[in-house]
$ cat work-v6.txt   # compact mmCIF, C-alpha atoms (C1' of nucleotides)
# COMPACT_ATOMS: atom_id res chain seq x y z
CA MET A 1 1.40 16.45 37.16
CA GLU A 2 0.14 15.26 33.83
CA LYS A 3 3.05 16.66 31.88
CA GLN A 4 5.52 14.97 34.15
CA LEU A 5 3.57 11.77 34.13
CA GLN A 6 3.49 11.74 30.37
CA ARG A 7 7.23 12.28 30.14
CA ARG A 8 7.88 9.42 32.51
CA LEU A 9 5.45 7.24 30.64
CA GLU A 10 7.18 7.85 27.36
CA LYS A 11 10.52 7.17 28.95
CA GLY A 12 9.13 3.91 30.29
CA GLY A 13 8.06 2.84 26.84
CA TRP A 14 4.33 3.27 27.29
CA ALA A 15 2.39 3.96 24.14
CA VAL A 16 1.71 7.59 24.93
CA GLY A 17 2.71 9.45 21.83
CA ASP A 18 0.89 12.71 22.41
CA ALA A 19 -1.76 14.35 24.51
CA HIS A 20 -4.52 12.79 22.49
CA ASP A 21 -3.31 9.25 23.04
CA PHE A 22 -2.60 10.15 26.61
CA LEU A 23 -6.12 11.32 27.18
CA GLY A 24 -7.30 8.18 25.43
CA LEU A 25 -6.21 6.11 28.39
CA SER A 26 -9.05 4.99 30.58
CA ASP A 27 -9.28 5.90 34.24
CA GLU A 28 -8.33 2.40 35.28
CA GLU A 29 -5.27 2.40 33.07
CA ILE A 30 -4.13 5.73 34.45
CA ARG A 31 -4.66 4.60 38.02
CA LEU A 32 -2.68 1.44 37.37
CA ILE A 33 0.18 3.35 35.77
CA GLU A 34 0.27 5.92 38.53
CA THR A 35 0.39 3.10 41.04
CA LYS A 36 3.35 1.52 39.29
CA LEU A 37 5.17 4.83 39.02
CA ALA A 38 4.71 5.43 42.74
CA LEU A 39 5.94 1.96 43.63
CA ALA A 40 8.91 2.28 41.29
CA ALA A 41 9.95 5.55 42.90
CA GLY A 42 9.48 4.09 46.36
CA LEU A 43 11.58 1.09 45.43
CA ARG A 44 14.47 3.21 44.24
CA GLN A 45 14.31 5.38 47.32
CA ARG A 46 14.36 2.38 49.64
CA ARG A 47 17.19 0.65 47.81
CA GLU A 48 19.34 3.76 47.80
CA LYS A 49 18.65 4.45 51.44
CA LEU A 50 19.94 0.97 52.21
CA GLY A 51 23.07 1.70 50.20
CA LEU A 52 22.53 -1.18 47.80
CA THR A 53 23.52 -1.14 44.15
CA GLN A 54 21.07 -2.48 41.60
CA SER A 55 23.38 -5.46 41.07
CA VAL A 56 23.60 -6.37 44.74
CA PHE A 57 19.87 -6.01 45.23
CA ALA A 58 19.19 -7.99 42.07
CA SER A 59 21.16 -10.97 43.34
CA ARG A 60 19.27 -10.88 46.64
CA LEU A 61 16.05 -10.79 44.69
CA GLY A 62 17.20 -13.63 42.46
CA SER A 63 17.01 -11.35 39.47
CA SER A 64 19.32 -9.26 37.34
CA GLN A 65 20.58 -5.67 37.37
CA SER A 66 18.78 -4.90 34.15
CA ARG A 67 15.45 -5.98 35.57
CA VAL A 68 15.95 -3.89 38.67
CA ALA A 69 16.66 -0.91 36.43
CA LYS A 70 13.44 -1.60 34.55
CA MET A 71 11.53 -1.91 37.80
CA GLU A 72 12.71 1.47 38.96
CA ALA A 73 11.87 2.92 35.56
CA ALA A 74 8.37 1.45 35.78
CA ASP A 75 9.00 -0.24 32.47
CA ARG A 76 5.87 -1.72 30.98
CA SER A 77 7.45 -5.17 31.18
CA VAL A 78 7.44 -5.24 34.97
CA SER A 79 4.47 -6.50 36.91
CA LEU A 80 3.03 -5.32 40.17
CA ASP A 81 3.89 -8.70 41.60
CA LEU A 82 7.57 -8.08 40.97
CA LEU A 83 7.43 -4.57 42.44
CA PHE A 84 5.66 -5.83 45.54
CA ARG A 85 8.09 -8.70 46.01
CA ALA A 86 11.00 -6.31 45.67
CA LEU A 87 9.60 -3.90 48.23
CA PHE A 88 8.80 -6.69 50.67
CA LEU A 89 12.32 -8.02 50.26
CA LEU A 90 13.63 -4.59 51.23
CA GLY A 91 11.75 -4.92 54.48
CA ALA A 92 8.61 -2.98 53.61
CA SER A 93 5.43 -4.01 55.39
CA ARG A 94 2.03 -4.10 53.75
CA GLN A 95 1.32 -0.75 55.37
CA ASP A 96 4.55 0.63 53.94
CA VAL A 97 3.68 -0.54 50.45
CA ALA A 98 0.18 0.83 50.80
CA ARG A 99 1.59 4.23 51.73
CA ILE A 100 4.08 4.10 48.87
CA MET A 101 1.48 3.23 46.27
CA VAL A 102 -0.56 6.24 47.29
CA HIS A 103 2.08 8.81 48.03
CA GLY A 104 5.04 7.65 45.98
CA ALA A 105 8.51 8.32 47.32
CA ARG A 106 7.55 11.58 49.00
CA ARG A 107 6.67 10.14 52.37
CA ARG A 108 9.41 8.59 54.46
CA ALA A 109 9.20 5.15 56.03
CA ALA A 110 7.17 5.09 59.22
CA MET B 111 -5.08 -15.93 61.63
CA GLU B 112 -2.50 -18.45 60.56
CA LYS B 113 -4.86 -21.40 60.64
CA GLN B 114 -7.40 -19.61 58.53
CA LEU B 115 -4.74 -18.32 56.19
CA GLN B 116 -3.38 -21.80 55.67
CA ARG B 117 -6.81 -23.20 54.91
CA ARG B 118 -7.42 -20.51 52.36
CA LEU B 119 -3.99 -21.03 50.88
CA GLU B 120 -4.59 -24.72 50.40
CA LYS B 121 -7.95 -24.00 48.86
CA GLY B 122 -6.25 -21.59 46.49
CA GLY B 123 -3.82 -24.25 45.38
CA TRP B 124 -0.74 -22.88 47.08
CA ALA B 125 1.91 -25.41 47.94
CA VAL B 126 1.24 -25.35 51.67
CA GLY B 127 0.89 -28.95 52.70
CA ASP B 128 1.35 -28.64 56.43
CA ALA B 129 2.53 -26.34 59.16
CA HIS B 130 6.15 -27.12 58.40
CA ASP B 131 5.88 -26.12 54.78
CA PHE B 132 3.78 -23.20 55.83
CA LEU B 133 6.43 -21.97 58.18
CA GLY B 134 8.93 -22.56 55.40
CA LEU B 135 7.52 -19.64 53.48
CA SER B 136 9.66 -16.56 53.65
CA ASP B 137 8.38 -13.31 55.08
CA GLU B 138 8.13 -11.78 51.63
CA GLU B 139 6.11 -14.68 50.31
CA ILE B 140 3.71 -14.49 53.24
CA ARG B 141 3.30 -10.76 52.86
CA LEU B 142 2.60 -11.15 49.16
CA ILE B 143 0.05 -13.88 49.76
CA GLU B 144 -1.67 -11.96 52.52
CA THR B 145 -1.85 -8.97 50.20
CA LYS B 146 -3.50 -11.03 47.50
CA LEU B 147 -5.97 -12.56 49.94
CA ALA B 148 -6.95 -9.12 51.19
CA LEU B 149 -7.42 -7.80 47.67
CA ALA B 150 -9.40 -10.86 46.64
CA ALA B 151 -11.76 -10.43 49.58
CA GLY B 152 -12.11 -6.73 48.88
CA LEU B 153 -12.86 -7.43 45.26
CA ARG B 154 -15.65 -9.86 46.10
CA GLN B 155 -17.12 -7.46 48.62
CA ARG B 156 -17.11 -4.60 46.14
CA ARG B 157 -18.59 -6.66 43.33
CA GLU B 158 -21.37 -8.02 45.50
CA LYS B 159 -22.14 -4.59 46.90
CA LEU B 160 -22.65 -3.39 43.34
CA GLY B 161 -24.98 -6.29 42.70
CA LEU B 162 -22.93 -7.68 39.84
CA THR B 163 -22.61 -11.36 39.02
CA GLN B 164 -19.19 -12.74 38.20
CA SER B 165 -20.28 -13.13 34.59
CA VAL B 166 -21.44 -9.56 34.19
CA PHE B 167 -18.37 -8.19 35.85
CA ALA B 168 -16.15 -10.46 33.76
CA SER B 169 -17.54 -9.09 30.52
CA ARG B 170 -16.98 -5.52 31.70
CA LEU B 171 -13.42 -6.48 32.58
CA GLY B 172 -12.94 -8.17 29.24
CA SER B 173 -12.38 -11.45 30.99
CA SER B 174 -14.35 -14.57 31.85
CA GLN B 175 -16.46 -15.75 34.76
CA SER B 176 -13.97 -18.45 35.62
CA ARG B 177 -11.14 -15.97 35.93
CA VAL B 178 -13.20 -13.72 38.17
CA ALA B 179 -13.90 -16.74 40.38
CA LYS B 180 -10.18 -17.45 40.54
CA MET B 181 -9.45 -13.82 41.36
CA GLU B 182 -11.83 -13.89 44.29
CA ALA B 183 -10.33 -17.18 45.43
CA ALA B 184 -6.84 -15.66 45.26
CA ASP B 185 -5.85 -18.51 42.99
CA ARG B 186 -2.11 -18.70 42.45
CA SER B 187 -2.68 -18.08 38.73
CA VAL B 188 -3.93 -14.54 39.25
CA SER B 189 -1.58 -11.60 39.32
CA LEU B 190 -1.67 -8.46 41.37
CA ASP B 191 -2.00 -6.55 38.13
CA LEU B 192 -5.29 -8.27 37.40
CA LEU B 193 -6.60 -7.73 40.92
CA PHE B 194 -5.70 -4.06 40.79
CA ARG B 195 -7.26 -3.57 37.37
CA ALA B 196 -10.41 -5.27 38.58
CA LEU B 197 -10.67 -3.07 41.68
CA PHE B 198 -10.00 0.07 39.68
CA LEU B 199 -12.68 -0.95 37.23
CA LEU B 200 -15.11 -1.22 40.12
CA GLY B 201 -14.41 2.39 40.91
CA ALA B 202 -11.83 1.98 43.63
CA SER B 203 -9.26 4.75 43.99
CA ARG B 204 -5.62 4.16 44.79
CA GLN B 205 -6.43 5.05 48.38
CA ASP B 206 -9.24 2.51 48.39
CA VAL B 207 -6.98 -0.22 47.08
CA ALA B 208 -4.29 0.72 49.59
CA ARG B 209 -6.82 0.37 52.40
CA ILE B 210 -8.06 -2.93 51.05
CA MET B 211 -4.61 -4.44 50.72
CA VAL B 212 -3.93 -3.66 54.35
CA HIS B 213 -7.28 -4.33 55.97
CA GLY B 214 -8.91 -6.74 53.59
CA ALA B 215 -12.68 -6.61 53.30
CA ARG B 216 -13.23 -5.62 56.90
CA ARG B 217 -13.19 -1.91 56.31
CA ARG B 218 -15.99 -0.38 54.30
CA ALA B 219 -15.44 1.93 51.37
CA ALA B 220 -14.68 5.50 52.40
C1' DT C 221 -37.91 -33.98 40.92
C1' DG C 222 -36.33 -30.70 37.40
C1' DC C 223 -35.01 -26.13 36.01
C1' DG C 224 -32.57 -21.67 36.09
C1' DC C 225 -28.98 -18.99 37.86
C1' DC C 226 -24.61 -18.29 40.04
C1' DT C 227 -20.10 -19.86 41.35
C1' DA C 228 -16.01 -23.27 41.40
C1' DT C 229 -12.45 -25.89 39.13
C1' DG C 230 -9.69 -28.03 35.48
C1' DT C 231 -7.46 -27.56 30.97
C1' DC C 232 -5.22 -25.35 27.14
C1' DA C 233 -3.41 -22.21 23.37
C1' DT C 234 -1.77 -17.79 23.40
C1' DA C 235 -0.15 -13.55 25.49
C1' DT C 236 2.73 -11.45 28.67
C1' DC C 237 6.49 -11.37 32.05
C1' DT C 238 11.10 -12.84 33.57
C1' DG C 239 16.07 -13.51 34.13
C1' DA C 240 20.01 -13.35 31.58
C1' DC C 241 23.03 -11.41 28.48
C1' DA C 242 25.18 -7.76 25.66
C1' DT C 243 26.15 -3.26 25.31
C1' DA C 244 25.88 1.65 26.00
C1' DG C 245 25.87 5.82 28.89
C1' DA C 246 27.20 8.50 32.95
C1' DA C 247 30.07 9.65 36.70
C1' DT C 248 34.26 9.38 39.42
C1' DG C 249 39.08 9.20 40.18
C1' DA C 250 43.91 8.53 38.75
C1' DT D 251 43.19 9.95 28.72
C1' DC D 252 41.83 5.31 30.70
C1' DA D 253 39.70 2.28 34.12
C1' DT D 254 36.21 1.34 37.28
C1' DT D 255 31.63 1.41 39.02
C1' DC D 256 26.90 2.03 38.57
C1' DT D 257 22.80 2.45 35.76
C1' DA D 258 19.97 2.22 31.23
C1' DT D 259 18.18 -0.22 27.27
C1' DG D 260 17.46 -3.81 23.76
C1' DT D 261 16.79 -8.70 22.87
C1' DC D 262 15.36 -13.41 23.53
C1' DA D 263 14.28 -18.24 25.22
C1' DG D 264 11.82 -20.03 28.83
C1' DA D 265 8.42 -19.33 32.55
C1' DT D 266 4.03 -17.65 34.07
C1' DA D 267 -0.54 -15.51 33.54
C1' DT D 268 -4.60 -14.97 30.68
C1' DG D 269 -9.20 -15.63 28.46
C1' DA D 270 -11.99 -19.11 26.91
C1' DC D 271 -14.23 -23.26 27.27
C1' DA D 272 -16.24 -27.36 29.51
C1' DT D 273 -18.22 -29.08 33.35
C1' DA D 274 -19.52 -29.64 38.15
C1' DG D 275 -21.55 -27.96 42.50
C1' DG D 276 -24.79 -25.17 45.11
C1' DC D 277 -29.18 -22.96 45.98
C1' DG D 278 -33.77 -21.41 45.42
C1' DC D 279 -38.18 -22.27 43.37
C1' DA D 280 -42.09 -24.57 41.35
$ encode --input "work-v6.txt" --output "structure tokens"
Amino acid sequence: MEKQLQRRLEKGGWAVGDAHDFLGLSDEEIRLIETKLALAAGLRQRREKLGLTQSVFASRLGSSQSRVAKMEAADRSVSLDLLFRALFLLGASRQDVARIMVHGARRRAA
Amino acid sequence: MEKQLQRRLEKGGWAVGDAHDFLGLSDEEIRLIETKLALAAGLRQRREKLGLTQSVFASRLGSSQSRVAKMEAADRSVSLDLLFRALFLLGASRQDVARIMVHGARRRAA
DNA sequence: TGCGCCTATGTCATATCTGACATAGAATGA
DNA sequence: TCATTCTATGTCAGATATGACATAGGCGCA
């Protein structure tokens, strides 16, 4: 898990140069990052299941394709607020989002 | 539920003048606001259970008493990121936060 | 009454996020 | 090969959130 997490973190632009820095993150920081990664994966899964392109979804969200890409990459420039709004816009309930933030994209919609 | 929600929204400074405006909110907006209200209530409950004052907790969070007050009031100026970080700092797990965001402060910690 | 202690609310400079744009990469089909 | 479609990444001006501060309100206690 940690290896994969670290790779995804680096890809997302997080300041996680090596294992030392990685381990330097506090528990809260790690929990927050894991939460965002789970939501990002859930967002992508939901969008794809609905057959929407990033561009189409972006216009519905009142945003841009590039930002949707960053959302799904859990880029450090995207907030939880934006991820939540995006998921809600795709029809997710609070329960759905709660499940996603715990289990990521593994679990299917209820 | 809606009456109480509206009162709390107005208190929090949300632009919810009357029932018409209230009903004018989109589903996504309502879900986001409800989520924040639930997290705010859960945060207060957790902090009080730990016997911390807003000031003490604020310093641990690297923030200020006034911002903690706004968090617990679900003020429109507080982000989900801040609420999540605060809950994580109080020892909540992702599962805990997921429960809180769905059930508010009703349910006790696991 | 006055005095601590805790919480609420308003303001503001600064930090961070956001949408938009440009551009590049990847994949598909002709 | 070229064109088309979709996605990824970098940048930036403008929007929003943030910590800090001041100050007010509430509540218990002497």
$ atom_distance --input "work-v6.txt" --atom1 "atom CA of Glu138 of chain B" --atom2 "atom C1' of DC262 of chain D"
29.1 Å
$ closest_atom_pairs --input "work-v6.txt" --of "chain D" --to "chain A" --cutoff "9 Å" --atoms "only C-alpha atoms (C1' of nucleotides)" --output "CSV"
residue,atom,partner,partner_atom,distance
D:DC256,C1',A:Thr53,CA,7.3
D:DT257,C1',A:Ala69,CA,7.0
D:DA258,C1',A:Ala69,CA,6.9
D:DT259,C1',A:Ser66,CA,8.3
$ write_last_selection --input "work-v6.txt" --atoms "C-alpha atoms (C1' of nucleotides)" --output "compact mmCIF listing (two decimals), keeping the file's coordinate frame"
# COMPACT_ATOMS: atom_id res chain seq x y z
C1' DC D 256 26.90 2.03 38.57
C1' DT D 257 22.80 2.45 35.76
C1' DA D 258 19.97 2.22 31.23
C1' DT D 259 18.18 -0.22 27.27
$ closest_atom_pairs --input "work-v6.txt" --of "chain A" --to "chain C" --cutoff "8 Å" --atoms "only C-alpha atoms (C1' of nucleotides)" --output "JSON lines"
{"residue": "A:Ser63", "atom": "CA", "partner": "C:DG239", "partner_atom": "C1'", "distance": 5.8}
{"residue": "A:Ser64", "atom": "CA", "partner": "C:DG239", "partner_atom": "C1'", "distance": 6.2}
{"residue": "A:Arg67", "atom": "CA", "partner": "C:DG239", "partner_atom": "C1'", "distance": 7.7}
{"residue": "A:Ser77", "atom": "CA", "partner": "C:DC237", "partner_atom": "C1'", "distance": 6.3}
{"residue": "A:Val78", "atom": "CA", "partner": "C:DC237", "partner_atom": "C1'", "distance": 6.9}
{"residue": "A:Ser79", "atom": "CA", "partner": "C:DC237", "partner_atom": "C1'", "distance": 7.2}
$ interface_residues --input "work-v6.txt" --of "chain A" --to "chain B" --cutoff "12 Å" --atoms "only C-alpha atoms" --output "number ranges by chain"
A: 26-36, 38-39, 61, 76-104
$ atom_distance --input "work-v6.txt" --atom1 "atom CA of Arg157 of chain B" --atom2 "atom C1' of DT266 of chain D"
26.8 Å
$ axis_aligned_box --input "work-v6.txt" --around "segment 260-269 of chain D" --padding-each-side "5 Å" --output "lines of an AutoDock Vina configuration file"
center_x = 4.1
center_y = -11.9
center_z = 28.5
size_x = 36.7
size_y = 26.2
size_z = 21.2
$ atom_distance --input "work-v6.txt" --atom1 "atom CA of Leu160 of chain B" --atom2 "atom CA of Asp185 of chain B"
22.6 Å
$ decode --input "work-v6.txt" --residues "segment 252-280 of chain D" --atoms "N, CA and C atoms (P, O5', C5', C4', C3', O3' and C1' of nucleotides)" --output "short mmCIF file (atom, residue, chain, number, x, y, z; two decimals), in the first residue's frame"
data_model
loop_
_atom_site.label_atom_id
_atom_site.label_comp_id
_atom_site.auth_asym_id
_atom_site.auth_seq_id
_atom_site.Cartn_x
_atom_site.Cartn_y
_atom_site.Cartn_z
P DC D 252 2.47 13.52 -41.51
"O5'" DC D 252 0.89 13.62 -41.40
"C5'" DC D 252 0.12 13.58 -42.60
"C4'" DC D 252 -1.35 13.48 -42.24
"C3'" DC D 252 -1.86 14.58 -41.29
"O3'" DC D 252 -3.03 15.11 -41.85
"C1'" DC D 252 -2.50 12.44 -40.49
P DA D 253 -3.65 16.45 -41.50
"O5'" DA D 253 -5.01 16.14 -40.68
"C5'" DA D 253 -5.52 15.06 -40.88
"C4'" DA D 253 -6.76 14.74 -40.12
"C3'" DA D 253 -7.30 15.74 -39.11
"O3'" DA D 253 -8.71 15.70 -39.15
"C1'" DA D 253 -6.68 13.75 -38.00
P DT D 254 -9.61 16.74 -38.32
"O5'" DT D 254 -10.17 15.87 -37.11
"C5'" DT D 254 -10.64 14.55 -37.38
"C4'" DT D 254 -10.90 13.81 -36.08
"C3'" DT D 254 -11.39 14.71 -34.93
"O3'" DT D 254 -12.60 14.18 -34.42
"C1'" DT D 254 -9.61 13.30 -34.22
P DT D 255 -13.49 14.96 -33.33
"O5'" DT D 255 -13.17 14.15 -31.99
"C5'" DT D 255 -13.27 12.73 -31.99
"C4'" DT D 255 -12.69 12.17 -30.71
"C3'" DT D 255 -13.07 12.98 -29.46
"O3'" DT D 255 -13.64 12.10 -28.50
"C1'" DT D 255 -10.74 12.54 -29.51
P DC D 256 -14.35 12.67 -27.18
"O5'" DC D 256 -13.24 12.38 -26.06
"C5'" DC D 256 -12.88 11.03 -25.79
"C4'" DC D 256 -11.59 11.01 -24.99
"C3'" DC D 256 -11.65 11.79 -23.67
"O3'" DC D 256 -11.46 10.87 -22.59
"C1'" DC D 256 -9.65 12.22 -24.86
P DT D 257 -11.57 11.33 -21.07
"O5'" DT D 257 -10.04 11.60 -20.69
"C5'" DT D 257 -9.09 10.56 -20.85
"C4'" DT D 257 -7.69 11.08 -20.60
"C3'" DT D 257 -7.48 11.80 -19.26
"O3'" DT D 257 -6.39 11.17 -18.61
"C1'" DT D 257 -6.57 13.07 -21.03
P DA D 258 -5.86 11.67 -17.20
"O5'" DA D 258 -4.59 12.57 -17.57
"C5'" DA D 258 -3.46 11.95 -18.16
"C4'" DA D 258 -2.29 12.91 -18.19
"C3'" DA D 258 -1.96 13.61 -16.88
"O3'" DA D 258 -0.56 13.57 -16.70
"C1'" DA D 258 -2.34 15.22 -18.59
P DT D 259 0.11 14.08 -15.34
"O5'" DT D 259 0.57 15.57 -15.70
"C5'" DT D 259 1.39 15.77 -16.83
"C4'" DT D 259 1.71 17.24 -16.98
"C3'" DT D 259 1.86 18.03 -15.68
"O3'" DT D 259 2.97 18.89 -15.85
"C1'" DT D 259 0.37 19.12 -17.07
P DG D 260 3.78 19.42 -14.57
"O5'" DG D 260 4.06 20.95 -14.96
"C5'" DG D 260 4.46 21.27 -16.29
"C4'" DG D 260 4.09 22.70 -16.63
"C3'" DG D 260 4.19 23.68 -15.46
"O3'" DG D 260 4.98 24.79 -15.86
"C1'" DG D 260 2.08 23.87 -16.54
P DT D 261 5.37 25.94 -14.83
"O5'" DT D 261 4.31 27.08 -15.16
"C5'" DT D 261 4.13 27.46 -16.52
"C4'" DT D 261 3.05 28.51 -16.61
"C3'" DT D 261 3.07 29.54 -15.47
"O3'" DT D 261 3.12 30.83 -16.04
"C1'" DT D 261 0.88 28.68 -15.82
P DC D 262 3.50 32.09 -15.13
"O5'" DC D 262 2.11 32.84 -14.95
"C5'" DC D 262 1.32 33.11 -16.11
"C4'" DC D 262 -0.05 33.59 -15.69
"C3'" DC D 262 -0.07 34.46 -14.42
"O3'" DC D 262 -0.94 35.54 -14.61
"C1'" DC D 262 -1.58 32.68 -14.19
P DA D 263 -0.61 36.94 -13.92
"O5'" DA D 263 -2.02 37.68 -13.95
"C5'" DA D 263 -2.83 37.61 -15.12
"C4'" DA D 263 -4.29 37.51 -14.74
"C3'" DA D 263 -4.76 38.53 -13.71
"O3'" DA D 263 -6.11 38.88 -14.04
"C1'" DA D 263 -5.05 36.35 -12.84
P DG D 264 -6.87 40.00 -13.19
"O5'" DG D 264 -7.88 39.16 -12.28
"C5'" DG D 264 -8.95 38.49 -12.91
"C4'" DG D 264 -9.62 37.54 -11.93
"C3'" DG D 264 -10.27 38.21 -10.72
"O3'" DG D 264 -11.56 37.64 -10.57
"C1'" DG D 264 -8.84 36.47 -10.03
P DA D 265 -12.61 38.20 -9.50
"O5'" DA D 265 -12.81 36.94 -8.53
"C5'" DA D 265 -13.23 35.70 -9.11
"C4'" DA D 265 -13.13 34.59 -8.08
"C3'" DA D 265 -13.85 34.88 -6.75
"O3'" DA D 265 -14.62 33.73 -6.42
"C1'" DA D 265 -11.60 34.29 -6.34
P DT D 266 -15.67 33.82 -5.21
"O5'" DT D 266 -14.92 33.02 -4.05
"C5'" DT D 266 -14.43 31.72 -4.33
"C4'" DT D 266 -13.53 31.27 -3.20
"C3'" DT D 266 -14.12 31.46 -1.80
"O3'" DT D 266 -14.13 30.17 -1.21
"C1'" DT D 266 -11.87 32.17 -1.89
P DA D 267 -14.59 29.92 0.31
"O5'" DA D 267 -13.18 29.73 1.06
"C5'" DA D 267 -12.30 28.75 0.59
"C4'" DA D 267 -11.05 28.68 1.44
"C3'" DA D 267 -11.27 28.49 2.94
"O3'" DA D 267 -10.23 27.64 3.38
"C1'" DA D 267 -10.07 30.50 2.55
P DT D 268 -10.16 27.13 4.90
"O5'" DT D 268 -9.09 28.09 5.56
"C5'" DT D 268 -7.73 27.99 5.13
"C4'" DT D 268 -6.88 29.02 5.83
"C3'" DT D 268 -7.15 29.09 7.34
"O3'" DT D 268 -6.10 28.42 8.00
"C1'" DT D 268 -6.90 31.26 6.34
P DG D 269 -6.14 28.22 9.59
"O5'" DG D 269 -5.29 29.45 10.14
"C5'" DG D 269 -3.95 29.64 9.73
"C4'" DG D 269 -3.43 30.97 10.25
"C3'" DG D 269 -3.48 31.13 11.77
"O3'" DG D 269 -2.28 31.77 12.19
"C1'" DG D 269 -4.76 32.85 10.75
P DA D 270 -2.00 32.07 13.76
"O5'" DA D 270 -2.40 33.61 13.89
"C5'" DA D 270 -1.80 34.56 13.02
"C4'" DA D 270 -2.41 35.93 13.26
"C3'" DA D 270 -2.61 36.27 14.75
"O3'" DA D 270 -1.91 37.48 15.03
"C1'" DA D 270 -4.59 36.68 13.50
P DC D 271 -1.69 37.88 16.55
"O5'" DC D 271 -2.79 39.03 16.76
"C5'" DC D 271 -2.87 40.09 15.82
"C4'" DC D 271 -4.22 40.76 15.89
"C3'" DC D 271 -4.70 41.09 17.31
"O3'" DC D 271 -4.57 42.48 17.54
"C1'" DC D 271 -6.47 40.31 15.88
P DA D 272 -4.95 43.09 18.98
"O5'" DA D 272 -6.47 43.55 18.79
"C5'" DA D 272 -6.82 44.33 17.65
"C4'" DA D 272 -8.31 44.59 17.66
"C3'" DA D 272 -8.88 44.99 19.03
"O3'" DA D 272 -9.77 46.08 18.86
"C1'" DA D 272 -10.04 43.09 18.19
P DT D 273 -10.36 46.85 20.18
"O5'" DT D 273 -11.78 46.16 20.39
"C5'" DT D 273 -12.65 46.04 19.27
"C4'" DT D 273 -13.80 45.12 19.61
"C3'" DT D 273 -14.36 45.30 21.04
"O3'" DT D 273 -15.76 45.42 20.97
"C1'" DT D 273 -14.05 43.05 20.54
P DA D 274 -16.60 46.14 22.16
"O5'" DA D 274 -17.93 45.28 22.17
"C5'" DA D 274 -18.46 44.80 20.93
"C4'" DA D 274 -19.14 43.47 21.16
"C3'" DA D 274 -19.93 43.40 22.48
"O3'" DA D 274 -21.25 42.98 22.21
"C1'" DA D 274 -18.50 41.54 22.26
P DG D 275 -22.37 43.05 23.33
"O5'" DG D 275 -22.71 41.52 23.60
"C5'" DG D 275 -22.86 40.63 22.50
"C4'" DG D 275 -22.93 39.20 23.02
"C3'" DG D 275 -23.71 39.06 24.32
"O3'" DG D 275 -24.55 37.93 24.21
"C1'" DG D 275 -21.53 38.19 24.60
P DG D 276 -25.69 37.65 25.33
"O5'" DG D 276 -25.09 36.39 26.12
"C5'" DG D 276 -24.69 35.25 25.37
"C4'" DG D 276 -24.03 34.24 26.30
"C3'" DG D 276 -24.72 34.09 27.65
"O3'" DG D 276 -24.85 32.70 27.94
"C1'" DG D 276 -22.42 34.58 27.97
P DC D 277 -25.96 32.23 29.09
"O5'" DC D 277 -25.10 31.31 30.05
"C5'" DC D 277 -23.76 30.99 29.70
"C4'" DC D 277 -22.94 30.75 30.95
"C3'" DC D 277 -23.72 30.84 32.27
"O3'" DC D 277 -23.34 29.78 33.10
"C1'" DC D 277 -21.87 32.26 32.35
P DG D 278 -24.26 29.29 34.35
"O5'" DG D 278 -23.17 29.19 35.50
"C5'" DG D 278 -21.98 28.45 35.26
"C4'" DG D 278 -20.85 28.99 36.12
"C3'" DG D 278 -21.19 29.08 37.62
"O3'" DG D 278 -20.17 28.43 38.36
"C1'" DG D 278 -20.30 31.13 36.83
P DC D 279 -20.41 28.12 39.93
"O5'" DC D 279 -19.44 29.17 40.62
"C5'" DC D 279 -18.21 29.53 39.98
"C4'" DC D 279 -17.57 30.68 40.74
"C3'" DC D 279 -18.02 30.82 42.20
"O3'" DC D 279 -16.91 31.19 43.00
"C1'" DC D 279 -18.42 32.82 41.08
P DA D 280 -16.90 30.82 44.54
"O5'" DA D 280 -16.48 32.19 45.24
"C5'" DA D 280 -15.28 32.84 44.83
"C4'" DA D 280 -15.42 34.35 45.05
"C3'" DA D 280 -15.86 34.72 46.48
"O3'" DA D 280 -15.04 35.76 46.96
"C1'" DA D 280 -17.22 35.80 44.86
#
